[in-house]
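Working notes, beginning with the structure itself.
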Amino acid sequence: MCGRYAASRRPEDLAGVFEIDRWEPEEALEPDYNVAPTKEVFAVLDRAVKDADDPRPVRQLRKLKWGLVPSWAKTPEGGARMINARAETVHEKPSYRRAFAARRCILPADGYYEWVTGTQERDLEVEGKRKRPRKQPYFVTPADGSVFAMAGLYEFWRDRTLPDDHPRAWWATCTVVTTEAETTPLAVAPADGLRALADIHPRMPLMLTPDRWDAWLDPARTDTEELRGLLAPPPSGLMRAFPVSTAVSNVRNNGPELLRELEAPEESTLF
């Protein structure tokens, strides 16, 4: 799964990378090194501009809330749980299939965090106290330093309890598409025995390579089988992973120091 990620690039930088035609300065977001569900995030999408004379899609950088709320939902409460959509079933799940057909986006990230629970220390005792294995966070990021373009879906939900002109009458939400984690060796492996992303977690965000961006974002592409072809995993060996401070486990912590690479996992704690 993907439950936390980092997104620190400025909108100006993202506009250049993704050839953005339109973004509003008032929708700018501060760099976020600890993106958690329900937060607002940047999304790249192709969509016609509201009230514009030209109906053709325009590539936009928009703010969306992470945690998809289906258009048919009676309340938005379930959105916090719908942060991931499995690539294998996204075309058939009621919560995602409409968005998969017409509302696909890219969620730009620096990389994502995943936690590993140590096993080698479970039965060790120190001064009569059993060690508790610490959940060690790892940061997974493109080895070449490029933007991690995560495949995403977005949806609109109307709060019928509010009038049309209310600023919160419409919710724009999104989810990250995930796939099976790579079992092939990482481009750069951490020096702690982990050699593949699957050693960290069995799932990972689906990374879209630049050659798939246009097709994935094109709302005119609606053929399910063609779209499913875009969900194939990217070439192996593009990622690196390294341990980072457990400070990232607290969503209140935020800053570039969370991405500092540790030479080794942090020590286990004691009961």
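Simple scheme: letters A, B, ... for chains in structure tokens order, numbers from 1 for residues in each chain, numbers from 1 for ligands in the order shown.
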List the spatial neighbours of Gln136 in chain A as a list of chain:residue names - criterion: any atom at most 8 Å away, only C-alpha atoms, same-chain residues fewer than 6 positions off excluded.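 My list of contacting residues is A:Trp115, A:Val116, A:Thr117, A:Gly118, A:Pro243, A:Val244, A:Ser245, A:Thr246, A:Pro265, A:Glu266.
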What residues in range 27-200 of chain A get the DSSP label strand (DSSP E or B)? Please answer as number ranges by chain. A: 32-35, 40-47, 58-66, 84-86, 104-109, 111-117, 125-126, 129-132, 135-142, 148-158, 170-180, 188
For C-alpha atoms, I'd like the residues from the last selection saved as an mmCIF file, in the first residue's frame.
data_model
loop_
_atom_site.group_PDB
_atom_site.id
_atom_site.type_symbol
_atom_site.label_atom_id
_atom_site.label_comp_id
_atom_site.auth_asym_id
_atom_site.auth_seq_id
_atom_site.Cartn_x
_atom_site.Cartn_y
_atom_site.Cartn_z
ATOM 1 C CA ASP A 32 5.218 18.485 2.363
ATOM 2 C CA TYR A 33 7.651 15.828 3.528
ATOM 3 C CA ASN A 34 5.012 13.835 5.401
ATOM 4 C CA VAL A 35 1.905 13.639 3.221
ATOM 5 C CA GLU A 40 -4.423 18.271 0.052
ATOM 6 C CA VAL A 41 -1.974 17.167 -2.635
ATOM 7 C CA PHE A 42 -0.972 18.220 -6.124
ATOM 8 C CA ALA A 43 -2.430 16.277 -9.044
ATOM 9 C CA VAL A 44 -1.746 16.537 -12.770
ATOM 10 C CA LEU A 45 -4.825 15.993 -14.912
ATOM 11 C CA ASP A 46 -6.189 16.690 -18.391
ATOM 12 C CA ARG A 47 -9.603 18.302 -18.182
ATOM 13 C CA VAL A 58 -6.186 21.274 -20.781
ATOM 14 C CA ARG A 59 -3.321 19.906 -18.706
ATOM 15 C CA GLN A 60 -3.751 21.331 -15.233
ATOM 16 C CA LEU A 61 -2.097 21.215 -11.838
ATOM 17 C CA ARG A 62 -4.857 20.980 -9.249
ATOM 18 C CA LYS A 63 -5.241 20.519 -5.514
ATOM 19 C CA LEU A 64 -7.108 17.379 -4.465
ATOM 20 C CA LYS A 65 -7.800 15.790 -1.107
ATOM 21 C CA TRP A 66 -6.107 12.410 -0.676
ATOM 22 C CA ASN A 84 -5.231 3.183 -2.495
ATOM 23 C CA ALA A 85 -6.800 1.376 -5.455
ATOM 24 C CA ARG A 86 -5.373 -1.972 -6.555
ATOM 25 C CA ARG A 104 -7.219 9.553 -14.188
ATOM 26 C CA CYS A 105 -4.430 11.713 -12.831
ATOM 27 C CA ILE A 106 -0.773 11.709 -11.849
ATOM 28 C CA LEU A 107 0.184 12.410 -8.253
ATOM 29 C CA PRO A 108 3.736 13.805 -8.221
ATOM 30 C CA ALA A 109 5.934 12.708 -5.345
ATOM 31 C CA GLY A 111 8.978 9.113 -3.093
ATOM 32 C CA TYR A 112 6.968 7.163 -0.544
ATOM 33 C CA TYR A 113 7.502 5.752 2.941
ATOM 34 C CA GLU A 114 7.019 2.170 4.008
ATOM 35 C CA TRP A 115 7.593 0.541 7.377
ATOM 36 C CA VAL A 116 9.411 -2.725 8.114
ATOM 37 C CA THR A 117 9.135 -4.566 11.424
ATOM 38 C CA GLU A 125 16.484 -9.960 26.019
ATOM 39 C CA VAL A 126 18.571 -7.143 27.457
ATOM 40 C CA LYS A 129 13.698 -7.082 29.324
ATOM 41 C CA ARG A 130 12.515 -8.350 25.985
ATOM 42 C CA LYS A 131 13.281 -6.110 23.050
ATOM 43 C CA ARG A 132 10.348 -4.807 21.045
ATOM 44 C CA LYS A 135 8.888 -0.367 12.866
ATOM 45 C CA GLN A 136 11.664 1.063 10.746
ATOM 46 C CA PRO A 137 10.569 3.495 8.010
ATOM 47 C CA TYR A 138 12.184 3.370 4.586
ATOM 48 C CA PHE A 139 11.981 5.965 1.868
ATOM 49 C CA VAL A 140 11.596 4.655 -1.685
ATOM 50 C CA THR A 141 12.452 7.044 -4.496
ATOM 51 C CA PRO A 142 13.626 7.049 -8.137
ATOM 52 C CA PHE A 148 7.931 9.808 -8.855
ATOM 53 C CA ALA A 149 4.815 9.990 -11.056
ATOM 54 C CA MET A 150 2.266 7.899 -9.163
ATOM 55 C CA ALA A 151 -0.780 6.733 -11.105
ATOM 56 C CA GLY A 152 -3.918 8.135 -9.534
ATOM 57 C CA LEU A 153 -7.660 8.547 -9.942
ATOM 58 C CA TYR A 154 -9.798 11.525 -8.982
ATOM 59 C CA GLU A 155 -13.476 12.049 -8.306
ATOM 60 C CA PHE A 156 -15.966 14.798 -7.450
ATOM 61 C CA TRP A 157 -18.497 14.530 -4.641
ATOM 62 C CA ARG A 158 -21.389 16.944 -4.055
ATOM 63 C CA TRP A 170 -17.943 20.140 -4.004
ATOM 64 C CA TRP A 171 -15.150 17.844 -2.871
ATOM 65 C CA ALA A 172 -12.339 16.913 -5.262
ATOM 66 C CA THR A 173 -10.603 13.776 -4.012
ATOM 67 C CA CYS A 174 -8.051 11.240 -5.248
ATOM 68 C CA THR A 175 -6.494 7.847 -4.666
ATOM 69 C CA VAL A 176 -3.135 6.233 -5.486
ATOM 70 C CA VAL A 177 -3.124 3.175 -7.743
ATOM 71 C CA THR A 178 -0.916 0.420 -6.321
ATOM 72 C CA THR A 179 0.663 -2.694 -7.796
ATOM 73 C CA GLU A 180 2.792 -5.616 -6.655
ATOM 74 C CA VAL A 188 20.703 1.031 -5.030
#
Extract, using only C-alpha atoms, all DNA, RNA and protein residues at most 10 Å from Leu230 in chain A, discarding same-chain residues fewer than 6 positions from it, and format them as a ChimeraX atom specification. /A:87,151,208,212-213,215-216
Residue contacts of range 77-83 of chain A (6 Å, only C-alpha atoms) excluding same-chain residues fewer than 2 positions away, as a list of chain:residue names: A:Pro37, A:Thr38, A:Gly67, A:Leu68, A:Val69, A:Thr75, A:Thr175
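Here CA of Leu14 in chain A is placed at a distance of 19.1 Å from CA of Val49 in chain A.
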